[in-house]
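Student: Contents are mmCIF, C-alpha atoms; file name structure-v4.cif:
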data_my_file
#
loop_
_atom_site.group_PDB
_atom_site.id
_atom_site.type_symbol
_atom_site.label_atom_id
_atom_site.label_comp_id
_atom_site.auth_asym_id
_atom_site.auth_seq_id
_atom_site.Cartn_x
_atom_site.Cartn_y
_atom_site.Cartn_z
ATOM 1 C CA PRO A 99 -10.847 -39.373 72.081
ATOM 2 C CA CYS A 100 -9.128 -41.819 69.785
ATOM 3 C CA LEU A 101 -12.060 -41.757 67.379
ATOM 4 C CA SER A 102 -12.108 -37.955 67.507
ATOM 5 C CA ARG A 103 -8.402 -37.796 66.637
ATOM 6 C CA CYS A 104 -8.981 -40.160 63.729
ATOM 7 C CA TYR A 105 -11.724 -37.912 62.373
ATOM 8 C CA SER A 106 -9.449 -34.881 62.790
ATOM 9 C CA LEU A 107 -6.612 -36.580 60.921
ATOM 10 C CA PHE A 108 -8.967 -37.720 58.200
ATOM 11 C CA PHE A 109 -10.299 -34.178 57.791
ATOM 12 C CA PHE A 110 -6.762 -32.755 57.726
ATOM 13 C CA PHE A 111 -5.575 -35.131 55.006
ATOM 14 C CA PHE A 112 -8.775 -34.646 53.037
ATOM 15 C CA CYS A 113 -8.188 -30.860 53.011
ATOM 16 C CA LEU A 114 -4.520 -31.340 52.134
ATOM 17 C CA LEU A 115 -5.323 -33.620 49.188
ATOM 18 C CA THR A 116 -8.011 -31.203 47.996
ATOM 19 C CA PHE A 117 -5.518 -28.329 48.070
ATOM 20 C CA ILE A 118 -2.875 -30.365 46.205
ATOM 21 C CA HIS A 119 -5.420 -31.392 43.591
ATOM 22 C CA PHE A 120 -6.501 -27.775 43.099
ATOM 23 C CA PHE A 121 -2.873 -26.592 42.860
ATOM 24 C CA PHE A 122 -1.990 -29.047 40.116
ATOM 25 C CA TYR A 123 -5.274 -28.337 38.366
ATOM 26 C CA CYS A 124 -4.391 -24.617 38.170
ATOM 27 C CA PHE A 125 -0.829 -25.449 37.125
ATOM 28 C CA LYS A 126 -2.127 -27.471 34.198
ATOM 29 C CA LEU A 127 -4.362 -24.606 33.159
ATOM 30 C CA GLN A 128 -1.304 -22.369 32.880
ATOM 31 C CA THR A 129 0.648 -24.810 30.735
ATOM 32 C CA ALA A 130 -0.026 -23.650 27.189
ATOM 33 C CA ASP A 131 1.278 -26.810 25.574
ATOM 34 C CA ASN A 132 -0.513 -29.276 27.831
ATOM 35 C CA ARG A 133 -3.326 -31.098 26.093
ATOM 36 C CA LYS A 134 -5.498 -30.419 29.140
ATOM 37 C CA SER A 135 -4.760 -26.725 28.916
ATOM 38 C CA HIS A 136 -7.196 -23.926 29.604
ATOM 39 C CA HIS A 137 -9.006 -24.462 26.322
ATOM 40 C CA GLN A 138 -10.763 -27.386 27.991
ATOM 41 C CA VAL A 139 -11.919 -25.429 31.038
ATOM 42 C CA SER A 140 -15.552 -25.271 30.063
ATOM 43 C CA ASN A 141 -18.742 -27.082 30.845
ATOM 44 C CA VAL A 142 -19.568 -27.101 27.138
ATOM 45 C CA ILE A 143 -18.079 -29.643 24.745
ATOM 46 C CA ARG A 144 -18.069 -28.494 21.128
ATOM 47 C CA THR A 145 -18.934 -31.411 18.868
ATOM 48 C CA ASP A 146 -19.216 -29.353 15.683
ATOM 49 C CA VAL A 147 -15.495 -28.494 15.516
ATOM 50 C CA ALA A 148 -12.154 -30.099 16.341
ATOM 51 C CA SER A 149 -10.709 -28.625 19.551
ATOM 52 C CA VAL A 150 -7.377 -30.457 19.482
ATOM 53 C CA THR A 151 -4.883 -31.330 16.736
ATOM 54 C CA SER A 152 -3.344 -34.707 15.986
ATOM 55 C CA TRP A 153 -0.231 -33.561 17.916
ATOM 56 C CA LEU A 154 -2.445 -32.592 20.895
ATOM 57 C CA ALA A 155 -2.270 -28.817 20.513
ATOM 58 C CA PRO A 156 -5.469 -27.015 21.561
ATOM 59 C CA ILE A 157 -7.609 -25.228 18.963
ATOM 60 C CA ILE A 158 -9.341 -22.246 20.561
ATOM 61 C CA TRP A 159 -13.010 -21.701 19.765
ATOM 62 C CA GLU A 160 -15.819 -19.939 21.568
ATOM 63 C CA GLU A 161 -17.131 -22.100 24.446
ATOM 64 C CA THR A 162 -13.871 -24.047 24.802
ATOM 65 C CA PHE A 163 -12.359 -21.884 27.561
ATOM 66 C CA ASP A 164 -13.391 -20.105 30.747
ATOM 67 C CA ALA A 165 -12.373 -16.469 30.284
ATOM 68 C CA THR A 166 -12.814 -15.478 33.934
ATOM 69 C CA LEU A 167 -10.679 -18.326 35.230
ATOM 70 C CA ILE A 168 -7.787 -17.982 32.801
ATOM 71 C CA ASP A 169 -7.738 -14.186 33.202
ATOM 72 C CA PHE A 170 -7.387 -14.721 36.955
ATOM 73 C CA ILE A 171 -4.532 -17.189 36.465
ATOM 74 C CA TYR A 172 -2.587 -15.066 33.981
ATOM 75 C CA LYS A 173 -3.059 -11.873 36.022
ATOM 76 C CA GLN A 174 -0.664 -13.349 38.570
ATOM 77 C CA GLN A 175 2.112 -13.558 35.958
ATOM 78 C CA ASN A 176 2.447 -9.812 35.207
ATOM 79 C CA LEU A 177 2.809 -10.426 31.458
ATOM 80 C CA THR A 178 3.606 -8.008 28.662
ATOM 81 C CA ILE A 179 2.383 -8.683 25.121
ATOM 82 C CA ALA A 180 4.196 -6.940 22.266
ATOM 83 C CA THR A 181 2.079 -6.425 19.166
ATOM 84 C CA THR A 182 3.401 -5.338 15.791
ATOM 85 C CA VAL A 183 1.459 -3.773 12.949
ATOM 86 C CA PHE A 184 2.621 -2.373 9.604
ATOM 87 C CA ALA A 185 0.859 0.537 7.872
ATOM 88 C CA LEU A 186 2.621 1.746 4.749
ATOM 89 C CA GLY A 187 1.235 4.101 2.126
ATOM 90 C CA LYS A 188 -2.547 4.165 1.939
ATOM 91 C CA TYR A 189 -2.809 1.473 4.620
ATOM 92 C CA THR A 190 -2.552 4.218 7.256
ATOM 93 C CA ARG A 191 -6.278 4.779 6.682
ATOM 94 C CA PHE A 192 -6.976 1.550 8.599
ATOM 95 C CA LEU A 193 -5.051 2.556 11.726
ATOM 96 C CA LYS A 194 -7.766 4.451 13.574
ATOM 97 C CA GLU A 195 -10.312 1.643 13.416
ATOM 98 C CA PHE A 196 -7.667 -0.982 14.175
ATOM 99 C CA LEU A 197 -6.342 0.799 17.274
ATOM 100 C CA GLU A 198 -9.707 1.974 18.608
ATOM 101 C CA SER A 199 -11.229 -1.494 18.321
ATOM 102 C CA ALA A 200 -8.106 -3.098 19.806
ATOM 103 C CA GLU A 201 -8.411 -0.873 22.855
ATOM 104 C CA GLN A 202 -11.921 -2.210 23.382
ATOM 105 C CA HIS A 203 -11.187 -5.914 22.934
ATOM 106 C CA TYR A 204 -7.478 -6.813 22.746
ATOM 107 C CA PHE A 205 -5.868 -8.093 25.969
ATOM 108 C CA VAL A 206 -7.957 -5.725 28.041
ATOM 109 C CA GLY A 207 -6.532 -5.537 31.568
ATOM 110 C CA PHE A 208 -3.075 -6.752 30.517
ATOM 111 C CA ARG A 209 0.070 -4.864 29.547
ATOM 112 C CA VAL A 210 0.304 -4.348 25.779
ATOM 113 C CA ASN A 211 3.024 -2.521 23.839
ATOM 114 C CA TYR A 212 2.065 -1.786 20.216
ATOM 115 C CA TYR A 213 4.907 -1.293 17.719
ATOM 116 C CA LEU A 214 3.684 0.481 14.599
ATOM 117 C CA PHE A 215 5.905 0.543 11.508
ATOM 118 C CA THR A 216 4.968 3.141 8.886
ATOM 119 C CA ASP A 217 6.463 5.351 6.205
ATOM 120 C CA LEU A 218 3.981 8.106 7.089
ATOM 121 C CA PRO A 219 4.265 8.719 10.855
ATOM 122 C CA GLU A 220 2.533 12.063 10.460
ATOM 123 C CA GLU A 221 -0.653 10.228 9.443
ATOM 124 C CA VAL A 222 -0.841 8.094 12.590
ATOM 125 C CA PRO A 223 -4.105 9.089 14.325
ATOM 126 C CA GLU A 224 -4.383 10.119 17.964
ATOM 127 C CA VAL A 225 -5.986 7.198 19.761
ATOM 128 C CA LYS A 226 -6.353 7.120 23.532
ATOM 129 C CA MET A 227 -4.544 4.104 24.951
ATOM 130 C CA GLY A 228 -6.014 2.156 27.835
ATOM 131 C CA GLU A 229 -4.304 1.462 31.140
ATOM 132 C CA ASN A 230 -0.921 -0.282 30.670
ATOM 133 C CA HIS A 231 -1.209 -0.012 26.876
ATOM 134 C CA SER A 232 1.347 1.987 24.875
ATOM 135 C CA LEU A 233 2.023 2.799 21.222
ATOM 136 C CA THR A 234 5.504 3.212 19.726
ATOM 137 C CA VAL A 235 5.761 4.504 16.143
ATOM 138 C CA ARG A 236 8.763 3.585 13.982
ATOM 139 C CA LYS A 237 9.448 5.043 10.563
ATOM 140 C CA VAL A 238 10.436 2.629 7.802
ATOM 141 C CA PRO A 239 11.180 3.239 4.107
ATOM 142 C CA SER A 240 8.391 3.238 1.542
ATOM 143 C CA MET A 241 8.170 0.279 -0.821
ATOM 144 C CA ASN A 242 6.871 0.083 -4.377
ATOM 145 C CA ARG A 243 5.447 -3.455 -4.217
ATOM 146 C CA TRP A 244 2.975 -4.741 -1.640
ATOM 147 C CA GLN A 245 4.686 -8.117 -1.906
ATOM 148 C CA ASP A 246 7.928 -6.540 -0.657
ATOM 149 C CA ILE A 247 6.068 -4.899 2.218
ATOM 150 C CA SER A 248 4.559 -8.243 3.122
ATOM 151 C CA MET A 249 7.815 -10.177 2.975
ATOM 152 C CA GLY A 250 9.901 -7.407 4.558
ATOM 153 C CA ARG A 251 8.010 -7.771 7.828
ATOM 154 C CA MET A 252 9.905 -10.924 8.761
ATOM 155 C CA GLU A 253 13.281 -9.191 8.845
ATOM 156 C CA ILE A 254 11.949 -6.219 10.811
ATOM 157 C CA LEU A 255 10.309 -8.526 13.357
ATOM 158 C CA GLU A 256 13.497 -10.574 13.675
ATOM 159 C CA LYS A 257 15.562 -7.454 14.429
ATOM 160 C CA LEU A 258 12.942 -6.006 16.799
ATOM 161 C CA ILE A 259 12.992 -9.137 18.940
ATOM 162 C CA GLU A 260 16.809 -9.359 18.849
ATOM 163 C CA ASN A 261 17.519 -5.727 19.666
ATOM 164 C CA GLU A 262 14.675 -4.560 21.897
ATOM 165 C CA LEU A 263 12.103 -6.986 23.152
ATOM 166 C CA ALA A 264 14.155 -9.475 25.181
ATOM 167 C CA SER A 265 13.612 -7.487 28.385
ATOM 168 C CA GLU A 266 10.425 -5.747 27.289
ATOM 169 C CA ALA A 267 7.867 -8.481 26.582
ATOM 170 C CA ASP A 268 6.896 -12.088 27.242
ATOM 171 C CA TYR A 269 4.862 -12.782 24.095
ATOM 172 C CA ILE A 270 4.470 -11.180 20.690
ATOM 173 C CA PHE A 271 1.681 -11.115 18.106
ATOM 174 C CA CYS A 272 2.065 -9.862 14.543
ATOM 175 C CA LEU A 273 -1.193 -8.554 13.049
ATOM 176 C CA ASP A 274 -2.340 -7.051 9.754
ATOM 177 C CA VAL A 275 -3.627 -3.476 9.949
ATOM 178 C CA ASP A 276 -6.576 -3.738 7.510
ATOM 179 C CA THR A 277 -8.582 -5.398 10.260
ATOM 180 C CA LYS A 278 -10.931 -4.647 13.145
ATOM 181 C CA PHE A 279 -11.637 -6.251 16.531
ATOM 182 C CA TYR A 280 -15.247 -7.088 17.345
ATOM 183 C CA SER A 281 -14.952 -9.213 20.484
ATOM 184 C CA ARG A 282 -12.515 -10.501 23.076
ATOM 185 C CA TRP A 283 -8.979 -11.491 22.093
ATOM 186 C CA GLY A 284 -7.328 -12.421 25.381
ATOM 187 C CA VAL A 285 -4.868 -14.662 27.195
ATOM 188 C CA GLU A 286 -6.582 -17.797 25.906
ATOM 189 C CA SER A 287 -4.559 -17.090 22.739
ATOM 190 C CA LEU A 288 -1.138 -17.218 24.418
ATOM 191 C CA GLY A 289 1.214 -20.100 23.704
ATOM 192 C CA ARG A 290 4.753 -20.979 22.771
ATOM 193 C CA LEU A 291 4.005 -20.866 19.026
ATOM 194 C CA VAL A 292 0.569 -19.770 17.801
ATOM 195 C CA GLY A 293 -0.949 -19.993 14.338
ATOM 196 C CA VAL A 294 -4.358 -18.798 13.166
ATOM 197 C CA ILE A 295 -6.337 -21.074 10.852
ATOM 198 C CA HIS A 296 -7.114 -19.284 7.583
ATOM 199 C CA PRO A 297 -10.797 -18.292 7.355
ATOM 200 C CA TRP A 298 -11.139 -19.436 3.748
ATOM 201 C CA PHE A 299 -9.710 -22.916 4.340
ATOM 202 C CA PHE A 300 -10.761 -23.965 7.856
ATOM 203 C CA ASP A 301 -13.336 -26.420 6.497
ATOM 204 C CA ALA A 302 -11.687 -27.172 3.142
ATOM 205 C CA PRO A 303 -9.974 -30.459 2.228
ATOM 206 C CA ARG A 304 -6.175 -30.421 2.220
ATOM 207 C CA ASP A 305 -5.907 -30.720 -1.552
ATOM 208 C CA GLN A 306 -7.489 -27.261 -1.822
ATOM 209 C CA PHE A 307 -4.885 -25.548 0.377
ATOM 210 C CA THR A 308 -2.923 -22.970 -1.613
ATOM 211 C CA TYR A 309 0.524 -24.101 -0.497
ATOM 212 C CA GLU A 310 3.562 -23.343 -2.637
ATOM 213 C CA ARG A 311 3.785 -26.359 -4.970
ATOM 214 C CA ARG A 312 6.939 -25.538 -6.953
ATOM 215 C CA PRO A 313 9.911 -27.550 -5.669
ATOM 216 C CA GLU A 314 12.231 -24.718 -6.673
ATOM 217 C CA SER A 315 10.905 -22.559 -3.812
ATOM 218 C CA LYS A 316 12.009 -22.962 -0.181
ATOM 219 C CA ALA A 317 8.314 -22.664 0.725
ATOM 220 C CA TYR A 318 7.506 -25.884 -1.209
ATOM 221 C CA ILE A 319 5.087 -28.323 0.409
ATOM 222 C CA PRO A 320 4.528 -31.576 -1.505
ATOM 223 C CA ALA A 321 1.031 -32.730 -2.420
ATOM 224 C CA GLY A 322 -0.464 -34.903 0.293
ATOM 225 C CA GLU A 323 1.360 -33.114 3.102
ATOM 226 C CA GLY A 324 0.152 -30.393 5.446
ATOM 227 C CA ASP A 325 -2.137 -30.173 8.460
ATOM 228 C CA TYR A 326 -3.907 -26.810 8.264
ATOM 229 C CA TYR A 327 -3.634 -23.706 6.137
ATOM 230 C CA PHE A 328 -2.563 -20.769 8.287
ATOM 231 C CA THR A 329 -3.069 -17.086 7.606
ATOM 232 C CA GLY A 330 -0.078 -14.768 7.440
ATOM 233 C CA ALA A 331 -2.231 -11.926 8.794
ATOM 234 C CA ALA A 332 -1.921 -13.054 12.423
ATOM 235 C CA PHE A 333 0.610 -15.228 14.242
ATOM 236 C CA GLY A 334 2.531 -15.098 17.494
ATOM 237 C CA GLY A 335 4.032 -16.837 20.485
ATOM 238 C CA SER A 336 6.982 -16.528 22.823
ATOM 239 C CA LEU A 337 9.811 -14.193 21.820
ATOM 240 C CA GLU A 338 12.205 -17.106 21.335
ATOM 241 C CA ASP A 339 9.889 -19.085 19.109
ATOM 242 C CA VAL A 340 8.709 -16.157 16.991
ATOM 243 C CA HIS A 341 12.308 -15.030 16.581
ATOM 244 C CA HIS A 342 13.234 -18.477 15.248
ATOM 245 C CA LEU A 343 10.210 -18.395 12.920
ATOM 246 C CA THR A 344 11.016 -14.954 11.491
ATOM 247 C CA LYS A 345 14.724 -15.713 11.154
ATOM 248 C CA THR A 346 14.017 -18.973 9.315
ATOM 249 C CA CYS A 347 11.391 -17.490 6.985
ATOM 250 C CA ARG A 348 13.553 -14.454 6.222
ATOM 251 C CA ALA A 349 16.535 -16.662 5.356
ATOM 252 C CA GLU A 350 14.449 -18.902 3.087
ATOM 253 C CA MET A 351 12.849 -15.931 1.326
ATOM 254 C CA LYS A 352 16.358 -14.575 0.721
ATOM 255 C CA ILE A 353 17.328 -17.869 -0.949
ATOM 256 C CA ASP A 354 14.212 -17.705 -3.136
ATOM 257 C CA ILE A 355 15.094 -14.151 -4.192
ATOM 258 C CA ALA A 356 18.605 -15.286 -5.123
ATOM 259 C CA ASN A 357 17.020 -18.029 -7.231
ATOM 260 C CA SER A 358 14.588 -15.565 -8.884
ATOM 261 C CA ILE A 359 11.472 -17.189 -7.445
ATOM 262 C CA GLU A 360 8.721 -15.737 -5.291
ATOM 263 C CA ALA A 361 6.410 -18.017 -3.323
ATOM 264 C CA ILE A 362 2.778 -17.920 -4.425
ATOM 265 C CA TRP A 363 1.535 -16.190 -1.253
ATOM 266 C CA HIS A 364 4.848 -14.640 -0.252
ATOM 267 C CA GLU A 365 5.565 -14.747 3.510
ATOM 268 C CA GLU A 366 2.312 -16.661 4.150
ATOM 269 C CA SER A 367 3.647 -19.522 2.035
ATOM 270 C CA HIS A 368 6.875 -19.587 4.038
ATOM 271 C CA LEU A 369 4.914 -19.400 7.289
ATOM 272 C CA ASN A 370 2.895 -22.479 6.303
ATOM 273 C CA LYS A 371 6.089 -24.354 5.425
ATOM 274 C CA TYR A 372 7.540 -23.434 8.815
ATOM 275 C CA PHE A 373 4.418 -24.579 10.689
ATOM 276 C CA LEU A 374 4.439 -27.891 8.841
ATOM 277 C CA TYR A 375 7.803 -28.833 10.326
ATOM 278 C CA ASN A 376 7.590 -26.777 13.537
ATOM 279 C CA LYS A 377 4.128 -27.570 14.853
ATOM 280 C CA PRO A 378 2.320 -24.708 16.611
ATOM 281 C CA SER A 379 1.671 -25.379 20.283
ATOM 282 C CA LYS A 380 -1.706 -23.665 19.975
ATOM 283 C CA LEU A 381 -4.058 -22.939 17.076
ATOM 284 C CA LEU A 382 -6.598 -20.141 17.016
ATOM 285 C CA SER A 383 -9.825 -20.781 15.145
ATOM 286 C CA PRO A 384 -10.978 -18.449 12.342
ATOM 287 C CA GLU A 385 -12.827 -16.462 15.025
ATOM 288 C CA TYR A 386 -9.422 -14.787 15.474
ATOM 289 C CA LEU A 387 -9.178 -13.687 11.834
ATOM 290 C CA TRP A 388 -12.460 -13.865 9.975
ATOM 291 C CA ARG A 389 -12.903 -12.968 6.325
ATOM 292 C CA ASP A 390 -15.785 -10.493 6.589
ATOM 293 C CA ILE A 391 -17.926 -9.394 9.505
ATOM 294 C CA ASN A 392 -20.991 -9.771 7.278
ATOM 295 C CA ALA A 393 -20.158 -13.353 6.291
ATOM 296 C CA GLY A 394 -21.395 -16.243 8.364
ATOM 297 C CA ALA A 395 -20.563 -19.901 8.998
ATOM 298 C CA ALA A 396 -22.268 -22.371 11.297
ATOM 299 C CA GLN A 397 -19.073 -23.026 13.274
ATOM 300 C CA ILE A 398 -18.386 -19.336 13.935
ATOM 301 C CA LYS A 399 -20.306 -18.378 17.067
ATOM 302 C CA VAL A 400 -18.416 -15.112 17.543
ATOM 303 C CA VAL A 401 -16.197 -12.991 15.298
ATOM 304 C CA ARG A 402 -13.321 -11.619 17.370
ATOM 305 C CA PHE A 403 -11.114 -10.128 14.660
ATOM 306 C CA SER A 404 -11.811 -9.686 10.975
ATOM 307 C CA HIS A 405 -10.485 -8.182 7.787
ATOM 308 C CA VAL A 406 -12.290 -5.036 6.702
ATOM 309 C CA ALA A 407 -13.640 -4.447 3.219
ATOM 310 C CA LYS A 408 -11.187 -2.708 0.895
ATOM 311 C CA ASN A 409 -10.355 -2.215 -2.761
ATOM 312 C CA ASN A 410 -6.962 -3.878 -3.189
ATOM 313 C CA ALA A 411 -6.343 -2.116 -6.492
ATOM 314 C CA GLU A 412 -6.823 1.237 -4.798
ATOM 315 C CA VAL A 413 -4.795 0.783 -1.578
ATOM 316 C CA ARG A 414 -1.914 -1.382 -2.784
ATOM 317 C CA PRO A 415 1.039 0.300 -4.542
ATOM 318 C CA ASN A 416 0.836 -2.374 -7.246
ATOM 319 C CA VAL A 417 -1.566 -5.208 -8.010
#
Translate the structure described by the file into structure tokens.
Tutor:
Amino acid sequence: PCLSRCYSLFFFFFCLLTFIHFFFYCFKLQTADNRKSHHQVSNVIRTDVASVTSWLAPIIWEETFDATLIDFIYKQQNLTIATTVFALGKYTRFLKEFLESAEQHYFVGFRVNYYLFTDLPEEVPEVKMGENHSLTVRKVPSMNRWQDISMGRMEILEKLIENELASEADYIFCLDVDTKFYSRWGVESLGRLVGVIHPWFFDAPRDQFTYERRPESKAYIPAGEGDYYFTGAAFGGSLEDVHHLTKTCRAEMKIDIANSIEAIWHEESHLNKYFLYNKPSKLLSPEYLWRDINAGAAQIKVVRFSHVAKNNAEVRPNV
């Protein structure tokens, strides 16, 4: 009997320790900023790309996460993802393909609220939204310069988060409209502050990054500094962190305007300056904003989201 009780106690404690281990394992998977986050939940180790930064933020590539497992974990959290897109002037022509492809691939199975800002609400196409997905259209003034459209987004995003989203969403992504989804973009992308590595510079040396190099601009990054070059076409994170990003970039762009200077790549330049001194907690590989669906690279095993071909001189109000 004594031996039997010992075996019973041993079995009980073994089960208890197994449960505790599993609990903390799942907890770590949910922690976006933990260096053993869900990007590492995979039996495959990518040796052809870096999957973690020098400050231990995960870099999300195909085969570095288990989609089924992290979907299961995040489903328990009842999350809402706000997503903003701007379509002014002739850019409304990209809306149908953007929205239809998003409904096939973007946070499928999760609650998504799209916020579309346009000067031509009558040209917004009818696109059937999936379950728990909604589209809100907001009219904004037309602008004569595409640069002003680009830079004006920061102020609109700042005000949207301040005035509406606090009780409406948990995360927000800001995406360009002249794009199309081709594969899954899901909860593996969520984090406190998320940047997307620019598809033209992901394998380029730092001295080729097109940072703002004029000290007169608030977007200035000195030579020899910088970690990655991030695209301005896609970024996101928690409401608090994206609000701080947009507020900071908007304020610094306002100073540049007062000093009669415009950063080389407008809000993208200011975004890169912000990310240099406020490190993203998660980076998305160029799979999450590729340059052309017809272009290839050895490291790109799947294209999730990509710019579409367009004639800039024809769609932009000025060149």
Student: If I take atom CA of A:Phe279 and atom CA of A:Ser199, how far is one from the other in Å, to one decimal?
Tutor: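 If I compute the distance from atom CA of A:Phe279 to atom CA of A:Ser199, I get 5.1 Å.
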Student: Which residues are close to A:Tyr172, i.e. within 10 Å by only C-alpha atoms, leaving aside same-chain residues fewer than 3 positions away? Reply as a list of chain:residue names.
Tutor: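 Using only C-alpha atoms, the neighbours found are A:Leu127, A:Gln128, A:Leu167, A:Ile168, A:Asp169, A:Gln175, A:Asn176, A:Leu177, A:Phe208, A:Val285, A:Glu286, A:Leu288.
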Student: By how many Å are atom CA of A:Gly334 and atom CA of A:Glu161 apart?
Tutor: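 Computing the Euclidean distance for atom CA of A:Gly334 and atom CA of A:Glu161 yields 22.0 Å.
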Student: Just say which residues the PyMOL selection byres ((chain A and resi 293) around 8) picks in this file, as a list in words.
Tutor: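 With the shown file as input, the PyMOL selection byres ((chain A and resi 293) around 8) matches Leu291, Val292, Val294, Ile295, Phe328, Thr329, Ala332, Phe333, Gly334, Phe373, Pro378, Lys380, Leu381 and Leu382 of chain A.
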Student: Restrict the selected residues to C-alpha atoms and save them as a compact mmCIF listing (two decimals), in the coordinates of the input.
Tutor:
# COMPACT_ATOMS: atom_id res chain seq x y z
CA LEU A 291 4.00 -20.87 19.03
CA VAL A 292 0.57 -19.77 17.80
CA VAL A 294 -4.36 -18.80 13.17
CA ILE A 295 -6.34 -21.07 10.85
CA PHE A 328 -2.56 -20.77 8.29
CA THR A 329 -3.07 -17.09 7.61
CA ALA A 332 -1.92 -13.05 12.42
CA PHE A 333 0.61 -15.23 14.24
CA GLY A 334 2.53 -15.10 17.49
CA PHE A 373 4.42 -24.58 10.69
CA PRO A 378 2.32 -24.71 16.61
CA LYS A 380 -1.71 -23.66 19.98
CA LEU A 381 -4.06 -22.94 17.08
CA LEU A 382 -6.60 -20.14 17.02
Student: Taking the file as shown, what set of residues would the PyMOL selection byres ((chain A and resi 148-152) around 9) give back, as a ChimeraX atom specification?
Tutor: /A:133,137-138,144-147,153-159,162,325,380-381
Student: Starting from the shown file, work through the PyMOL selection byres ((chain A and resi 211) around 7) and note down what comes out as a list in words.
Tutor: Ile179, Ala180, Thr181, Arg209, Val210, Tyr212, Tyr213, His231, Ser232 and Leu233 of chain A
Student: Measuring between only C-alpha atoms, which one of A:Cys272, A:Val225, A:Ile171, A:Ala356 shows the shortest distance to A:Val340?
Tutor: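 Once distances to A:Val340 are computed over only C-alpha atoms, the minimum belongs to A:Cys272.
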Student: Within 8 Å of stretch 391-403 of chain A, counting all atoms listed in the file, which residues qualify if same-chain residues fewer than 6 places away don't, as a ChimeraX atom specification?
Tutor: /A:146-147,160,277-283,384-385
Student: Can you measure atom CA of A:Thr216 to atom CA of A:Val238 for me? One decimal in Å is fine.
Tutor: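 One can read the atom CA of A:Thr216 to atom CA of A:Val238 distance as 5.6 Å.
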Student: Let me make sure I understand: among A:Asn230, A:Thr344, A:Ser287, A:Ser315, which one has the smallest atom-to-atom distance to A:Glu260 if we use all atoms listed in the file?
Tutor: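 Nearest to A:Glu260: A:Thr344.
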Student: Of the residues A:Glu365, A:Glu201, A:Asp305, A:Asp268, which is the one nearest to A:Lys352, using all atoms listed in the file?
Tutor: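 Comparing A:Glu365, A:Glu201, A:Asp305, A:Asp268 against A:Lys352, the winner is A:Glu365.
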Student: Which polymer residues, protein or nucleic acid, are no farther than 9 Å from (-0.6, -32.2, -6.4), counting all atoms listed in the file, as a PyMOL selection string?
Tutor: chain A and resi 305+311+320-322
Student: Just checking: using only C-alpha atoms, which residue out of A:Gly284, A:Leu263, A:Phe215, A:Thr182 ends up closest to A:Gln202?
Tutor: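 Once distances to A:Gln202 are computed over only C-alpha atoms, the minimum belongs to A:Gly284.
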